[in-house]
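Visitor: What follows is structure38.pdb; its format and atoms are PDB, C-alpha atoms.
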MODEL        1
ATOM      1  CA  MET A  14     140.632 110.538 153.493
ATOM      2  CA  LEU A  15     140.351 106.874 154.421
ATOM      3  CA  LYS A  16     143.150 104.423 153.773
ATOM      4  CA  VAL A  17     142.280 100.761 153.286
ATOM      5  CA  VAL A  18     144.768  97.880 153.398
ATOM      6  CA  ALA A  19     143.282  94.574 152.266
ATOM      7  CA  LYS A  20     145.873  91.804 152.565
ATOM      8  CA  ASN A  21     144.901  88.671 150.649
ATOM      9  CA  PHE A  22     146.398  85.173 150.675
ATOM     10  CA  ALA A  23     146.164  83.585 147.243
ATOM     11  CA  ASP A  24     146.398  80.027 145.990
ATOM     12  CA  LYS A  25     149.710  80.308 144.129
ATOM     13  CA  SER A  26     148.513  78.020 141.370
ATOM     14  CA  LYS A  27     145.663  80.416 140.558
ATOM     15  CA  ILE A  28     147.570  83.708 140.465
ATOM     16  CA  GLU A  29     146.953  84.218 136.730
ATOM     17  CA  GLU A  30     143.170  83.910 137.038
ATOM     18  CA  ILE A  31     143.219  86.100 140.140
ATOM     19  CA  LEU A  32     145.158  88.884 138.408
ATOM     20  CA  LYS A  33     142.726  88.856 135.479
ATOM     21  CA  LEU A  34     139.844  89.400 137.905
ATOM     22  CA  TYR A  35     141.760  92.102 139.803
ATOM     23  CA  LYS A  36     142.544  93.889 136.552
ATOM     24  CA  GLU A  37     138.847  94.372 135.815
ATOM     25  CA  LEU A  38     138.101  95.331 139.432
ATOM     26  CA  VAL A  39     140.890  97.932 139.445
ATOM     27  CA  GLU A  40     139.823  99.460 136.123
ATOM     28  CA  LEU A  41     136.192  99.840 137.174
ATOM     29  CA  THR A  42     136.959 100.968 140.730
ATOM     30  CA  ARG A  43     139.313 103.752 139.665
ATOM     31  CA  LYS A  44     136.392 105.298 137.783
ATOM     32  CA  GLU A  45     134.304 105.550 140.941
ATOM     33  CA  GLU A  46     133.634 108.911 142.526
ATOM     34  CA  GLY A  47     135.769 109.444 145.616
ATOM     35  CA  CYS A  48     138.340 106.793 144.688
ATOM     36  CA  ILE A  49     141.741 108.456 145.146
ATOM     37  CA  LYS A  50     143.935 105.362 144.869
ATOM     38  CA  TYR A  51     143.263 101.664 144.250
ATOM     39  CA  GLU A  52     146.502  99.779 143.762
ATOM     40  CA  LEU A  53     147.447  96.095 143.929
ATOM     41  CA  PHE A  54     150.786  94.991 145.348
ATOM     42  CA  GLN A  55     152.578  91.649 145.704
ATOM     43  CA  ASP A  56     154.836  90.745 148.597
ATOM     44  CA  GLU A  57     158.431  90.590 147.408
ATOM     45  CA  LYS A  58     159.198  87.421 149.410
ATOM     46  CA  ASP A  59     155.850  85.610 149.302
ATOM     47  CA  SER A  60     154.103  85.865 145.923
ATOM     48  CA  SER A  61     150.875  84.483 147.417
ATOM     49  CA  ILE A  62     150.354  87.727 149.376
ATOM     50  CA  LEU A  63     148.420  90.211 147.252
ATOM     51  CA  CYS A  64     147.580  93.488 148.962
ATOM     52  CA  MET A  65     145.135  96.121 147.746
ATOM     53  CA  ILE A  66     146.048  99.513 149.160
ATOM     54  CA  GLU A  67     143.311 102.060 148.680
ATOM     55  CA  GLU A  68     142.523 105.713 149.385
ATOM     56  CA  TRP A  69     138.961 107.036 149.536
ATOM     57  CA  GLU A  70     137.741 110.591 149.922
ATOM     58  CA  SER A  71     135.088 109.573 152.451
ATOM     59  CA  ARG A  72     133.427 106.692 154.260
ATOM     60  CA  ASP A  73     130.441 107.257 151.986
ATOM     61  CA  ALA A  74     132.577 106.724 148.860
ATOM     62  CA  LEU A  75     134.026 103.520 150.321
ATOM     63  CA  ASP A  76     130.580 102.207 151.291
ATOM     64  CA  LYS A  77     129.273 102.874 147.762
ATOM     65  CA  HIS A  78     132.264 100.948 146.406
ATOM     66  CA  LEU A  79     131.530  97.957 148.615
ATOM     67  CA  LYS A  80     127.948  97.913 147.252
ATOM     68  CA  SER A  81     128.922  98.510 143.616
ATOM     69  CA  GLU A  82     127.962  96.065 140.861
ATOM     70  CA  HIS A  83     131.568  95.270 139.958
ATOM     71  CA  PHE A  84     132.652  94.721 143.583
ATOM     72  CA  SER A  85     129.680  92.414 144.249
ATOM     73  CA  ARG A  86     130.288  90.473 141.026
ATOM     74  CA  ILE A  87     134.113  90.183 141.012
ATOM     75  CA  VAL A  88     135.219  89.922 144.659
ATOM     76  CA  PRO A  89     133.348  86.656 145.377
ATOM     77  CA  LYS A  90     135.110  85.107 142.340
ATOM     78  CA  ILE A  91     138.488  86.294 143.659
ATOM     79  CA  LYS A  92     137.718  84.943 147.139
ATOM     80  CA  LYS A  93     137.274  81.431 145.713
ATOM     81  CA  PHE A  94     140.974  81.470 144.842
ATOM     82  CA  MET A  95     142.075  82.613 148.287
ATOM     83  CA  ILE A  96     143.434  80.205 150.928
ATOM     84  CA  LYS A  97     142.326  82.178 153.988
ATOM     85  CA  GLU A  98     140.377  85.248 155.082
ATOM     86  CA  THR A  99     141.405  88.740 153.935
ATOM     87  CA  GLU A 100     143.070  90.872 156.627
ATOM     88  CA  LEU A 101     141.250  94.187 156.243
ATOM     89  CA  ASN A 102     142.151  97.409 158.011
ATOM     90  CA  VAL A 103     140.542 100.810 157.499
ATOM     91  CA  TYR A 104     142.815 103.596 158.690
ATOM     92  CA  ASN A 105     142.750 107.293 159.457
ATOM     93  CA  LYS A 106     145.930 109.247 158.845
ATOM     94  CA  LEU A 107     147.752 110.500 161.941
ATOM     95  CA  MET A 108     150.841 112.080 160.405
TER      96      MET A 108
ATOM     97  CA  MET B  11     159.224 101.875 143.835
ATOM     98  CA  LEU B  12     158.918  99.726 146.946
ATOM     99  CA  LYS B  13     155.862  99.892 149.186
ATOM    100  CA  VAL B  14     156.261  98.986 152.851
ATOM    101  CA  VAL B  15     153.402  98.267 155.239
ATOM    102  CA  ALA B  16     154.508  97.996 158.868
ATOM    103  CA  LYS B  17     151.547  97.132 161.095
ATOM    104  CA  ASN B  18     152.256  97.719 164.771
ATOM    105  CA  PHE B  19     150.296  96.715 167.871
ATOM    106  CA  ALA B  20     150.632  99.339 170.585
ATOM    107  CA  ASP B  21     150.043  99.334 174.316
ATOM    108  CA  LYS B  22     146.977 101.627 174.391
ATOM    109  CA  SER B  23     148.127 103.247 177.627
ATOM    110  CA  LYS B  24     151.352 104.415 175.940
ATOM    111  CA  ILE B  25     149.908 105.884 172.720
ATOM    112  CA  GLU B  26     150.966 109.465 173.648
ATOM    113  CA  GLU B  27     154.618 108.535 174.178
ATOM    114  CA  ILE B  28     154.560 106.396 171.031
ATOM    115  CA  LEU B  29     153.203 109.233 168.876
ATOM    116  CA  LYS B  30     155.911 111.594 170.173
ATOM    117  CA  LEU B  31     158.572 109.115 169.077
ATOM    118  CA  TYR B  32     156.873 108.530 165.705
ATOM    119  CA  LYS B  33     156.667 112.296 165.117
ATOM    120  CA  GLU B  34     160.456 112.599 165.300
ATOM    121  CA  LEU B  35     160.962 109.459 163.194
ATOM    122  CA  VAL B  36     158.571 110.730 160.493
ATOM    123  CA  GLU B  37     160.173 114.199 160.359
ATOM    124  CA  LEU B  38     163.704 112.832 159.981
ATOM    125  CA  THR B  39     162.741 110.004 157.601
ATOM    126  CA  ARG B  40     160.915 112.272 155.168
ATOM    127  CA  LYS B  41     164.212 114.148 154.668
ATOM    128  CA  GLU B  42     165.985 110.992 153.532
ATOM    129  CA  GLU B  43     166.954 110.560 149.899
ATOM    130  CA  GLY B  44     164.620 108.172 148.112
ATOM    131  CA  CYS B  45     161.814 108.491 150.640
ATOM    132  CA  ILE B  46     158.637 109.105 148.604
ATOM    133  CA  LYS B  47     156.065 108.606 151.385
ATOM    134  CA  TYR B  48     156.296 107.858 155.102
ATOM    135  CA  GLU B  49     152.874 108.130 156.717
ATOM    136  CA  LEU B  50     151.438 106.853 159.992
ATOM    137  CA  PHE B  51     147.851 105.615 160.183
ATOM    138  CA  GLN B  52     145.589 104.411 162.998
ATOM    139  CA  ASP B  53     142.951 101.717 162.595
ATOM    140  CA  GLU B  54     139.510 103.277 162.805
ATOM    141  CA  LYS B  55     138.106 100.441 164.972
ATOM    142  CA  ASP B  56     141.173  99.471 167.025
ATOM    143  CA  SER B  57     143.260 102.449 168.162
ATOM    144  CA  SER B  58     146.096 100.143 169.222
ATOM    145  CA  ILE B  59     146.879  99.345 165.575
ATOM    146  CA  LEU B  60     149.339 101.913 164.199
ATOM    147  CA  CYS B  61     150.457 101.301 160.643
ATOM    148  CA  MET B  62     153.348 102.984 158.855
ATOM    149  CA  ILE B  63     152.774 102.947 155.104
ATOM    150  CA  GLU B  64     155.872 103.863 153.168
ATOM    151  CA  GLU B  65     157.084 104.326 149.596
ATOM    152  CA  TRP B  66     160.757 104.147 148.666
ATOM    153  CA  GLU B  67     162.429 104.815 145.328
ATOM    154  CA  SER B  68     164.657 101.743 145.647
ATOM    155  CA  ARG B  69     165.725  98.852 147.849
ATOM    156  CA  ASP B  70     168.975 100.752 148.418
ATOM    157  CA  ALA B  71     167.102 103.799 149.810
ATOM    158  CA  LEU B  72     165.074 101.539 152.127
ATOM    159  CA  ASP B  73     168.197  99.713 153.344
ATOM    160  CA  LYS B  74     169.920 103.041 154.097
ATOM    161  CA  HIS B  75     166.828 104.066 156.068
ATOM    162  CA  LEU B  76     166.924 100.890 158.153
ATOM    163  CA  LYS B  77     170.590 101.654 159.023
ATOM    164  CA  SER B  78     170.058 105.369 159.652
ATOM    165  CA  GLU B  79     170.936 106.992 162.994
ATOM    166  CA  HIS B  80     167.372 108.053 163.709
ATOM    167  CA  PHE B  81     165.867 104.641 162.826
ATOM    168  CA  SER B  82     168.398 102.817 165.027
ATOM    169  CA  ARG B  83     167.848 105.252 167.909
ATOM    170  CA  ILE B  84     164.035 105.699 167.824
ATOM    171  CA  VAL B  85     162.555 102.364 166.661
ATOM    172  CA  PRO B  86     163.866 100.331 169.630
ATOM    173  CA  LYS B  87     162.222 102.887 171.964
ATOM    174  CA  ILE B  88     158.919 102.531 170.071
ATOM    175  CA  LYS B  89     159.166  98.709 170.172
ATOM    176  CA  LYS B  90     159.253  98.796 173.995
ATOM    177  CA  PHE B  91     155.677 100.137 173.898
ATOM    178  CA  MET B  92     154.414  97.462 171.515
ATOM    179  CA  ILE B  93     152.479  94.395 172.703
ATOM    180  CA  LYS B  94     153.564  92.054 169.880
ATOM    181  CA  GLU B  95     155.819  91.802 166.821
ATOM    182  CA  THR B  96     155.383  94.197 163.886
ATOM    183  CA  GLU B  97     153.809  92.649 160.798
ATOM    184  CA  LEU B  98     156.085  93.874 158.033
ATOM    185  CA  ASN B  99     155.476  93.451 154.314
ATOM    186  CA  VAL B 100     157.579  94.852 151.487
ATOM    187  CA  TYR B 101     155.618  95.003 148.248
ATOM    188  CA  ASN B 102     156.113  95.536 144.553
ATOM    189  CA  LYS B 103     153.305  97.212 142.626
ATOM    190  CA  LEU B 104     151.386  95.008 140.197
ATOM    191  CA  MET B 105     148.696  97.413 138.987
TER     192      MET B 105
ENDMDL
END
Take the structure in this file and express it as C-alpha coordinates.
Guide:
Amino acid sequence: MLKVVAKNFADKSKIEEILKLYKELVELTRKEEGCIKYELFQDEKDSSILCMIEEWESRDALDKHLKSEHFSRIVPKIKKFMIKETELNVYNKLM
Amino acid sequence: MLKVVAKNFADKSKIEEILKLYKELVELTRKEEGCIKYELFQDEKDSSILCMIEEWESRDALDKHLKSEHFSRIVPKIKKFMIKETELNVYNKLM
(Lines of atoms letter the chains of each structure in order from A and count residues from 1; the text may use other names and numbers.)
(Lines give C-alpha, C1' and ligand atoms only; values in the text may rest on other atoms or scores of the structure.)
Protein backbone atom coordinates (compact mmCIF):
# COMPACT_ATOMS: atom_id res chain seq x y z
CA MET A 1 0.00 0.00 0.00
CA LEU A 2 1.25 3.47 -0.87
CA LYS A 3 0.10 6.54 1.00
CA VAL A 4 0.14 9.88 -0.81
CA VAL A 5 -0.17 13.29 0.87
CA ALA A 6 -0.61 16.14 -1.59
CA LYS A 7 -0.78 19.46 0.26
CA ASN A 8 -2.13 22.28 -1.90
CA PHE A 9 -2.21 26.04 -1.31
CA ALA A 10 -5.33 27.56 -2.83
CA ASP A 11 -6.32 31.08 -3.79
CA LYS A 12 -8.99 31.65 -1.13
CA SER A 13 -11.16 33.61 -3.53
CA LYS A 14 -11.39 30.59 -5.85
CA ILE A 15 -12.23 27.88 -3.32
CA GLU A 16 -15.71 27.28 -4.79
CA GLU A 17 -14.41 26.64 -8.31
CA ILE A 18 -11.61 24.49 -6.91
CA LEU A 19 -13.99 22.29 -4.92
CA LYS A 20 -16.18 21.76 -7.99
CA LEU A 21 -13.14 20.49 -9.90
CA TYR A 22 -12.02 18.32 -6.96
CA LYS A 23 -15.50 16.82 -6.69
CA GLU A 24 -15.29 15.45 -10.23
CA LEU A 25 -11.69 14.29 -9.72
CA VAL A 26 -12.60 12.46 -6.51
CA GLU A 27 -15.64 10.76 -8.04
CA LEU A 28 -13.72 9.48 -11.06
CA THR A 29 -10.59 8.53 -9.12
CA ARG A 30 -12.44 6.43 -6.56
CA LYS A 31 -13.62 4.23 -9.43
CA GLU A 32 -10.05 3.43 -10.47
CA GLU A 33 -8.62 -0.01 -9.88
CA GLY A 34 -6.24 -0.04 -6.93
CA CYS A 35 -7.59 3.18 -5.40
CA ILE A 36 -8.16 2.40 -1.71
CA LYS A 37 -8.75 5.94 -0.46
CA TYR A 38 -8.88 9.37 -2.12
CA GLU A 39 -10.04 12.00 0.33
CA LEU A 40 -9.84 15.80 0.40
CA PHE A 41 -9.25 17.67 3.64
CA GLN A 42 -9.11 21.35 4.63
CA ASP A 43 -6.84 22.74 7.31
CA GLU A 44 -8.90 23.80 10.31
CA LYS A 45 -6.92 27.03 10.82
CA ASP A 46 -6.02 27.96 7.24
CA SER A 47 -8.84 27.33 4.76
CA SER A 48 -6.45 27.85 1.82
CA ILE A 49 -4.69 24.55 2.63
CA LEU A 50 -6.43 21.70 0.83
CA CYS A 51 -4.82 18.29 1.27
CA MET A 52 -5.57 15.15 -0.72
CA ILE A 53 -4.71 12.07 1.31
CA GLU A 54 -4.66 8.94 -0.78
CA GLU A 55 -4.07 5.19 -0.47
CA TRP A 56 -3.10 3.03 -3.45
CA GLU A 57 -2.69 -0.72 -3.65
CA SER A 58 0.51 -0.42 -5.68
CA ARG A 59 2.91 1.94 -7.42
CA ASP A 60 1.44 0.69 -10.69
CA ALA A 61 -2.08 1.77 -9.67
CA LEU A 62 -0.79 5.21 -8.67
CA ASP A 63 1.14 5.62 -11.93
CA LYS A 64 -1.98 4.70 -13.95
CA HIS A 65 -3.90 7.32 -11.98
CA LEU A 66 -1.35 10.01 -12.76
CA LYS A 67 -1.73 9.19 -16.49
CA SER A 68 -5.53 8.89 -16.42
CA GLU A 69 -7.74 11.06 -18.63
CA HIS A 70 -9.49 12.73 -15.70
CA PHE A 71 -6.23 13.48 -13.83
CA SER A 72 -4.64 14.98 -16.97
CA ARG A 73 -7.75 17.05 -17.73
CA ILE A 74 -8.73 18.28 -14.23
CA VAL A 75 -5.48 18.75 -12.27
CA PRO A 76 -4.05 21.45 -14.59
CA LYS A 77 -7.31 23.42 -14.12
CA ILE A 78 -7.01 23.09 -10.34
CA LYS A 79 -3.35 24.16 -10.43
CA LYS A 80 -4.33 27.48 -12.05
CA PHE A 81 -6.13 28.36 -8.82
CA MET A 82 -3.19 27.48 -6.60
CA ILE A 83 -0.81 30.12 -5.18
CA LYS A 84 2.27 27.89 -4.92
CA GLU A 85 3.58 24.42 -5.73
CA THR A 86 1.94 21.31 -4.26
CA GLU A 87 3.93 19.62 -1.48
CA LEU A 88 3.77 15.96 -2.51
CA ASN A 89 4.99 13.04 -0.43
CA VAL A 90 4.64 9.35 -1.28
CA TYR A 91 4.98 7.20 1.82
CA ASN A 92 5.45 3.59 2.83
CA LYS A 93 3.88 2.49 6.09
CA LEU A 94 6.29 1.68 8.92
CA MET A 95 3.89 0.94 11.76
CA MET B 1 -13.43 13.10 12.73
CA LEU B 2 -10.19 15.07 12.78
CA LYS B 3 -7.25 14.13 10.57
CA VAL B 4 -3.76 15.06 11.72
CA VAL B 5 -0.66 15.02 9.52
CA ALA B 6 2.57 15.51 11.47
CA LYS B 7 5.55 15.59 9.11
CA ASN B 8 8.86 15.14 10.90
CA PHE B 9 12.43 15.59 9.67
CA ALA B 10 14.75 13.10 11.34
CA ASP B 11 18.49 12.91 11.79
CA LYS B 12 19.18 9.93 9.49
CA SER B 13 21.87 8.61 11.81
CA LYS B 14 19.32 8.29 14.64
CA ILE B 15 16.47 6.55 12.77
CA GLU B 16 16.81 3.33 14.85
CA GLU B 17 16.45 5.13 18.18
CA ILE B 18 13.60 7.22 16.78
CA LEU B 19 11.66 4.17 15.59
CA LYS B 20 12.02 2.53 19.02
CA LEU B 21 10.47 5.60 20.63
CA TYR B 22 7.71 5.80 18.00
CA LYS B 23 6.90 2.10 18.53
CA GLU B 24 6.07 2.74 22.19
CA LEU B 25 4.16 5.94 21.36
CA VAL B 26 2.08 4.15 18.69
CA GLU B 27 1.26 1.18 20.96
CA LEU B 28 0.09 3.38 23.84
CA THR B 29 -1.73 5.92 21.63
CA ARG B 30 -3.77 3.30 19.80
CA LYS B 31 -5.26 2.30 23.18
CA GLU B 32 -6.56 5.81 23.79
CA GLU B 33 -10.28 6.52 23.62
CA GLY B 34 -11.20 8.28 20.39
CA CYS B 35 -8.07 7.24 18.53
CA ILE B 36 -9.25 5.89 15.16
CA LYS B 37 -5.87 5.70 13.39
CA TYR B 38 -2.29 6.44 14.44
CA GLU B 39 0.12 5.31 11.74
CA LEU B 40 3.75 6.15 10.99
CA PHE B 41 4.96 6.47 7.40
CA GLN B 42 8.35 7.04 5.76
CA ASP B 43 8.85 9.00 2.56
CA GLU B 44 9.83 6.64 -0.23
CA LYS B 45 12.50 9.01 -1.62
CA ASP B 46 13.76 10.68 1.57
CA SER B 47 14.08 8.30 4.52
CA SER B 48 14.54 11.22 6.92
CA ILE B 49 10.89 12.23 6.48
CA LEU B 50 8.73 10.37 9.01
CA CYS B 51 5.07 11.28 8.94
CA MET B 52 2.46 10.39 11.56
CA ILE B 53 -1.00 10.33 10.00
CA GLU B 54 -3.73 10.23 12.58
CA GLU B 55 -7.52 10.13 12.86
CA TRP B 56 -9.35 11.22 15.99
CA GLU B 57 -13.05 11.03 16.81
CA SER B 58 -13.08 14.55 18.26
CA ARG B 59 -11.01 17.58 19.17
CA ASP B 60 -11.45 16.54 22.81
CA ALA B 61 -9.87 13.11 22.15
CA LEU B 62 -6.93 14.77 20.35
CA ASP B 63 -6.43 17.29 23.17
CA LYS B 64 -6.41 14.48 25.76
CA HIS B 65 -3.79 12.70 23.65
CA LEU B 66 -1.56 15.77 23.55
CA LYS B 67 -1.73 15.93 27.39
CA SER B 68 -1.28 12.19 27.94
CA GLU B 69 1.58 10.79 30.04
CA HIS B 70 3.11 8.87 27.15
CA PHE B 71 2.92 11.82 24.71
CA SER B 72 4.52 14.18 27.24
CA ARG B 73 7.25 11.65 28.07
CA ILE B 74 8.12 10.28 24.60
CA VAL B 75 7.64 13.16 22.12
CA PRO B 76 10.32 15.42 23.67
CA LYS B 77 12.80 12.50 23.36
CA ILE B 78 11.86 12.06 19.68
CA LYS B 79 12.19 15.82 19.05
CA LYS B 80 15.84 15.71 20.18
CA PHE B 81 16.57 13.53 17.13
CA MET B 82 14.81 15.84 14.68
CA ILE B 83 16.69 18.32 12.47
CA LYS B 84 13.88 20.89 12.18
CA GLU B 85 10.37 21.73 13.40
CA THR B 86 7.47 19.34 12.76
CA GLU B 87 5.03 20.49 10.09
CA LEU B 88 1.68 19.90 11.76
CA ASN B 89 -1.71 20.21 10.08
CA VAL B 90 -5.09 19.41 11.61
CA TYR B 91 -7.71 18.82 8.94
CA ASN B 92 -11.44 18.47 8.53
CA LYS B 93 -12.70 16.18 5.78
CA LEU B 94 -14.36 17.87 2.81
CA MET B 95 -15.02 14.89 0.54
Visitor: I'd like the contact shell of Cys64 in chain A - 12 Å cut-off, all atoms listed in the file, skipping same-chain residues fewer than 3 positions apart - returned as a ChimeraX atom specification.
Guide: /A:17-23,32,35,51-57,59-61,67,99-102 /B:13-15,99-105
Visitor: Include C-alpha atoms and write out the residues we just selected as an mmCIF file, keeping the file's coordinate frame.
Guide:
data_model
loop_
_atom_site.group_PDB
_atom_site.id
_atom_site.type_symbol
_atom_site.label_atom_id
_atom_site.label_comp_id
_atom_site.auth_asym_id
_atom_site.auth_seq_id
_atom_site.Cartn_x
_atom_site.Cartn_y
_atom_site.Cartn_z
ATOM 1 C CA VAL A 17 142.280 100.761 153.286
ATOM 2 C CA VAL A 18 144.768 97.880 153.398
ATOM 3 C CA ALA A 19 143.282 94.574 152.266
ATOM 4 C CA LYS A 20 145.873 91.804 152.565
ATOM 5 C CA ASN A 21 144.901 88.671 150.649
ATOM 6 C CA PHE A 22 146.398 85.173 150.675
ATOM 7 C CA ALA A 23 146.164 83.585 147.243
ATOM 8 C CA LEU A 32 145.158 88.884 138.408
ATOM 9 C CA TYR A 35 141.760 92.102 139.803
ATOM 10 C CA TYR A 51 143.263 101.664 144.250
ATOM 11 C CA GLU A 52 146.502 99.779 143.762
ATOM 12 C CA LEU A 53 147.447 96.095 143.929
ATOM 13 C CA PHE A 54 150.786 94.991 145.348
ATOM 14 C CA GLN A 55 152.578 91.649 145.704
ATOM 15 C CA ASP A 56 154.836 90.745 148.597
ATOM 16 C CA GLU A 57 158.431 90.590 147.408
ATOM 17 C CA ASP A 59 155.850 85.610 149.302
ATOM 18 C CA SER A 60 154.103 85.865 145.923
ATOM 19 C CA SER A 61 150.875 84.483 147.417
ATOM 20 C CA GLU A 67 143.311 102.060 148.680
ATOM 21 C CA THR A 99 141.405 88.740 153.935
ATOM 22 C CA GLU A 100 143.070 90.872 156.627
ATOM 23 C CA LEU A 101 141.250 94.187 156.243
ATOM 24 C CA ASN A 102 142.151 97.409 158.011
ATOM 25 C CA LYS B 13 155.862 99.892 149.186
ATOM 26 C CA VAL B 14 156.261 98.986 152.851
ATOM 27 C CA VAL B 15 153.402 98.267 155.239
ATOM 28 C CA ASN B 99 155.476 93.451 154.314
ATOM 29 C CA VAL B 100 157.579 94.852 151.487
ATOM 30 C CA TYR B 101 155.618 95.003 148.248
ATOM 31 C CA ASN B 102 156.113 95.536 144.553
ATOM 32 C CA LYS B 103 153.305 97.212 142.626
ATOM 33 C CA LEU B 104 151.386 95.008 140.197
ATOM 34 C CA MET B 105 148.696 97.413 138.987
#
Visitor: Determine the residue membership of the PyMOL selection byres ((chain A and resi 47) around 9) for the file above and supply it as a PyMOL selection string.
Guide: chain A and resi 43-46+48-49+68-71+73-75
Visitor: How far is it from CA of Phe81 in chain B to CA of Leu15 in chain A, in Å with one decimal?
Guide: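 Answer for the CA of Phe81 in chain B to CA of Leu15 in chain A separation: 27.0 Å.
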Visitor: Please write out chain B, superposed on chain A by least squares over all C-alpha atoms matched in order, as a JSON list (two decimals) with C-alpha atoms, keeping the file's coordinate frame.
Guide:
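The result, written out as out.json:
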[["chain", "number", "residue", "atom", "x", "y", "z"],
["B", 11, "MET", "CA", 140.64, 110.53, 153.50],
["B", 12, "LEU", "CA", 140.34, 106.87, 154.43],
["B", 13, "LYS", "CA", 143.16, 104.41, 153.78],
["B", 14, "VAL", "CA", 142.28, 100.75, 153.29],
["B", 15, "VAL", "CA", 144.77, 97.89, 153.40],
["B", 16, "ALA", "CA", 143.29, 94.57, 152.26],
["B", 17, "LYS", "CA", 145.87, 91.80, 152.57],
["B", 18, "ASN", "CA", 144.90, 88.67, 150.65],
["B", 19, "PHE", "CA", 146.39, 85.18, 150.68],
["B", 20, "ALA", "CA", 146.16, 83.59, 147.25],
["B", 21, "ASP", "CA", 146.38, 80.03, 145.99],
["B", 22, "LYS", "CA", 149.72, 80.31, 144.13],
["B", 23, "SER", "CA", 148.50, 78.01, 141.37],
["B", 24, "LYS", "CA", 145.64, 80.42, 140.56],
["B", 25, "ILE", "CA", 147.58, 83.72, 140.48],
["B", 26, "GLU", "CA", 146.95, 84.21, 136.71],
["B", 27, "GLU", "CA", 143.17, 83.91, 137.04],
["B", 28, "ILE", "CA", 143.23, 86.11, 140.14],
["B", 29, "LEU", "CA", 145.17, 88.88, 138.40],
["B", 30, "LYS", "CA", 142.71, 88.85, 135.48],
["B", 31, "LEU", "CA", 139.85, 89.41, 137.92],
["B", 32, "TYR", "CA", 141.77, 92.11, 139.82],
["B", 33, "LYS", "CA", 142.55, 93.90, 136.54],
["B", 34, "GLU", "CA", 138.84, 94.36, 135.82],
["B", 35, "LEU", "CA", 138.11, 95.33, 139.44],
["B", 36, "VAL", "CA", 140.90, 97.94, 139.44],
["B", 37, "GLU", "CA", 139.82, 99.46, 136.11],
["B", 38, "LEU", "CA", 136.19, 99.84, 137.17],
["B", 39, "THR", "CA", 136.97, 100.97, 140.74],
["B", 40, "ARG", "CA", 139.32, 103.74, 139.66],
["B", 41, "LYS", "CA", 136.38, 105.30, 137.77],
["B", 42, "GLU", "CA", 134.31, 105.54, 140.94],
["B", 43, "GLU", "CA", 133.64, 108.91, 142.53],
["B", 44, "GLY", "CA", 135.78, 109.44, 145.61],
["B", 45, "CYS", "CA", 138.35, 106.80, 144.69],
["B", 46, "ILE", "CA", 141.76, 108.46, 145.15],
["B", 47, "LYS", "CA", 143.96, 105.35, 144.88],
["B", 48, "TYR", "CA", 143.27, 101.67, 144.24],
["B", 49, "GLU", "CA", 146.52, 99.78, 143.75],
["B", 50, "LEU", "CA", 147.44, 96.10, 143.92],
["B", 51, "PHE", "CA", 150.79, 95.00, 145.35],
["B", 52, "GLN", "CA", 152.57, 91.66, 145.70],
["B", 53, "ASP", "CA", 154.84, 90.76, 148.60],
["B", 54, "GLU", "CA", 158.43, 90.61, 147.41],
["B", 55, "LYS", "CA", 159.21, 87.44, 149.42],
["B", 56, "ASP", "CA", 155.85, 85.63, 149.30],
["B", 57, "SER", "CA", 154.10, 85.87, 145.93],
["B", 58, "SER", "CA", 150.88, 84.50, 147.42],
["B", 59, "ILE", "CA", 150.35, 87.73, 149.38],
["B", 60, "LEU", "CA", 148.41, 90.22, 147.23],
["B", 61, "CYS", "CA", 147.57, 93.48, 148.95],
["B", 62, "MET", "CA", 145.13, 96.11, 147.74],
["B", 63, "ILE", "CA", 146.05, 99.51, 149.15],
["B", 64, "GLU", "CA", 143.32, 102.06, 148.68],
["B", 65, "GLU", "CA", 142.53, 105.70, 149.40],
["B", 66, "TRP", "CA", 138.98, 107.02, 149.53],
["B", 67, "GLU", "CA", 137.74, 110.59, 149.93],
["B", 68, "SER", "CA", 135.09, 109.56, 152.46],
["B", 69, "ARG", "CA", 133.42, 106.68, 154.27],
["B", 70, "ASP", "CA", 130.43, 107.25, 151.99],
["B", 71, "ALA", "CA", 132.56, 106.72, 148.84],
["B", 72, "LEU", "CA", 134.02, 103.52, 150.32],
["B", 73, "ASP", "CA", 130.57, 102.20, 151.29],
["B", 74, "LYS", "CA", 129.27, 102.87, 147.76],
["B", 75, "HIS", "CA", 132.27, 100.95, 146.41],
["B", 76, "LEU", "CA", 131.53, 97.95, 148.62],
["B", 77, "LYS", "CA", 127.94, 97.91, 147.24],
["B", 78, "SER", "CA", 128.92, 98.51, 143.62],
["B", 79, "GLU", "CA", 127.95, 96.07, 140.84],
["B", 80, "HIS", "CA", 131.55, 95.27, 139.95],
["B", 81, "PHE", "CA", 132.64, 94.72, 143.58],
["B", 82, "SER", "CA", 129.68, 92.41, 144.25],
["B", 83, "ARG", "CA", 130.28, 90.48, 141.02],
["B", 84, "ILE", "CA", 134.11, 90.18, 141.01],
["B", 85, "VAL", "CA", 135.21, 89.92, 144.67],
["B", 86, "PRO", "CA", 133.35, 86.65, 145.38],
["B", 87, "LYS", "CA", 135.10, 85.12, 142.34],
["B", 88, "ILE", "CA", 138.49, 86.30, 143.66],
["B", 89, "LYS", "CA", 137.71, 84.95, 147.15],
["B", 90, "LYS", "CA", 137.26, 81.43, 145.72],
["B", 91, "PHE", "CA", 140.98, 81.48, 144.85],
["B", 92, "MET", "CA", 142.09, 82.61, 148.30],
["B", 93, "ILE", "CA", 143.45, 80.20, 150.92],
["B", 94, "LYS", "CA", 142.33, 82.18, 153.99],
["B", 95, "GLU", "CA", 140.37, 85.26, 155.09],
["B", 96, "THR", "CA", 141.41, 88.74, 153.94],
["B", 97, "GLU", "CA", 143.05, 90.87, 156.62],
["B", 98, "LEU", "CA", 141.24, 94.17, 156.24],
["B", 99, "ASN", "CA", 142.14, 97.41, 158.00],
["B", 100, "VAL", "CA", 140.54, 100.81, 157.50],
["B", 101, "TYR", "CA", 142.81, 103.60, 158.69],
["B", 102, "ASN", "CA", 142.75, 107.29, 159.45],
["B", 103, "LYS", "CA", 145.94, 109.26, 158.84],
["B", 104, "LEU", "CA", 147.76, 110.50, 161.94],
["B", 105, "MET", "CA", 150.86, 112.07, 160.39]]
Visitor: Rank A:Leu38, A:Ile87, A:Phe94, A:Asp76 by their smallest atom-to-atom distance to chain B, using all atoms listed in the file, and report the top residue only.
Guide: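 Nearest candidate to chain B out of A:Leu38, A:Ile87, A:Phe94, A:Asp76: A:Leu38.
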Visitor: By how many Å are CA of His80 in chain B and CA of Lys33 in chain B apart?
Guide: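 According to the coordinates, CA of His80 in chain B and CA of Lys33 in chain B are separated by 11.6 Å.
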Visitor: Using all atoms listed in the file, which residue out of A:Ile62, A:Leu41, A:Ile31, A:Ile91 lies closest to chain B?
Guide: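 Result for the nearest residue to chain B: A:Ile62.
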Visitor: Could you check the closest approach to chain A for each of B:Lys55, B:His75, B:Arg69, B:Lys94 and tell me which residue wins, using all atoms listed in the file?
Guide: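 Looking at the shortest contact to chain A, the residue is B:Lys55.
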Visitor: For chain A, which residue among B:Lys22, B:Glu27, B:Ile93, B:Lys47 is the nearest when counting all atoms listed in the file?
Guide: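 Smallest separation from chain A among the options: B:Lys47.
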Visitor: Give me, please, the distance in Å between CA of Val39 in chain A and CA of Met11 in chain B, quoted to one decimal.
Guide: 19.3 Å
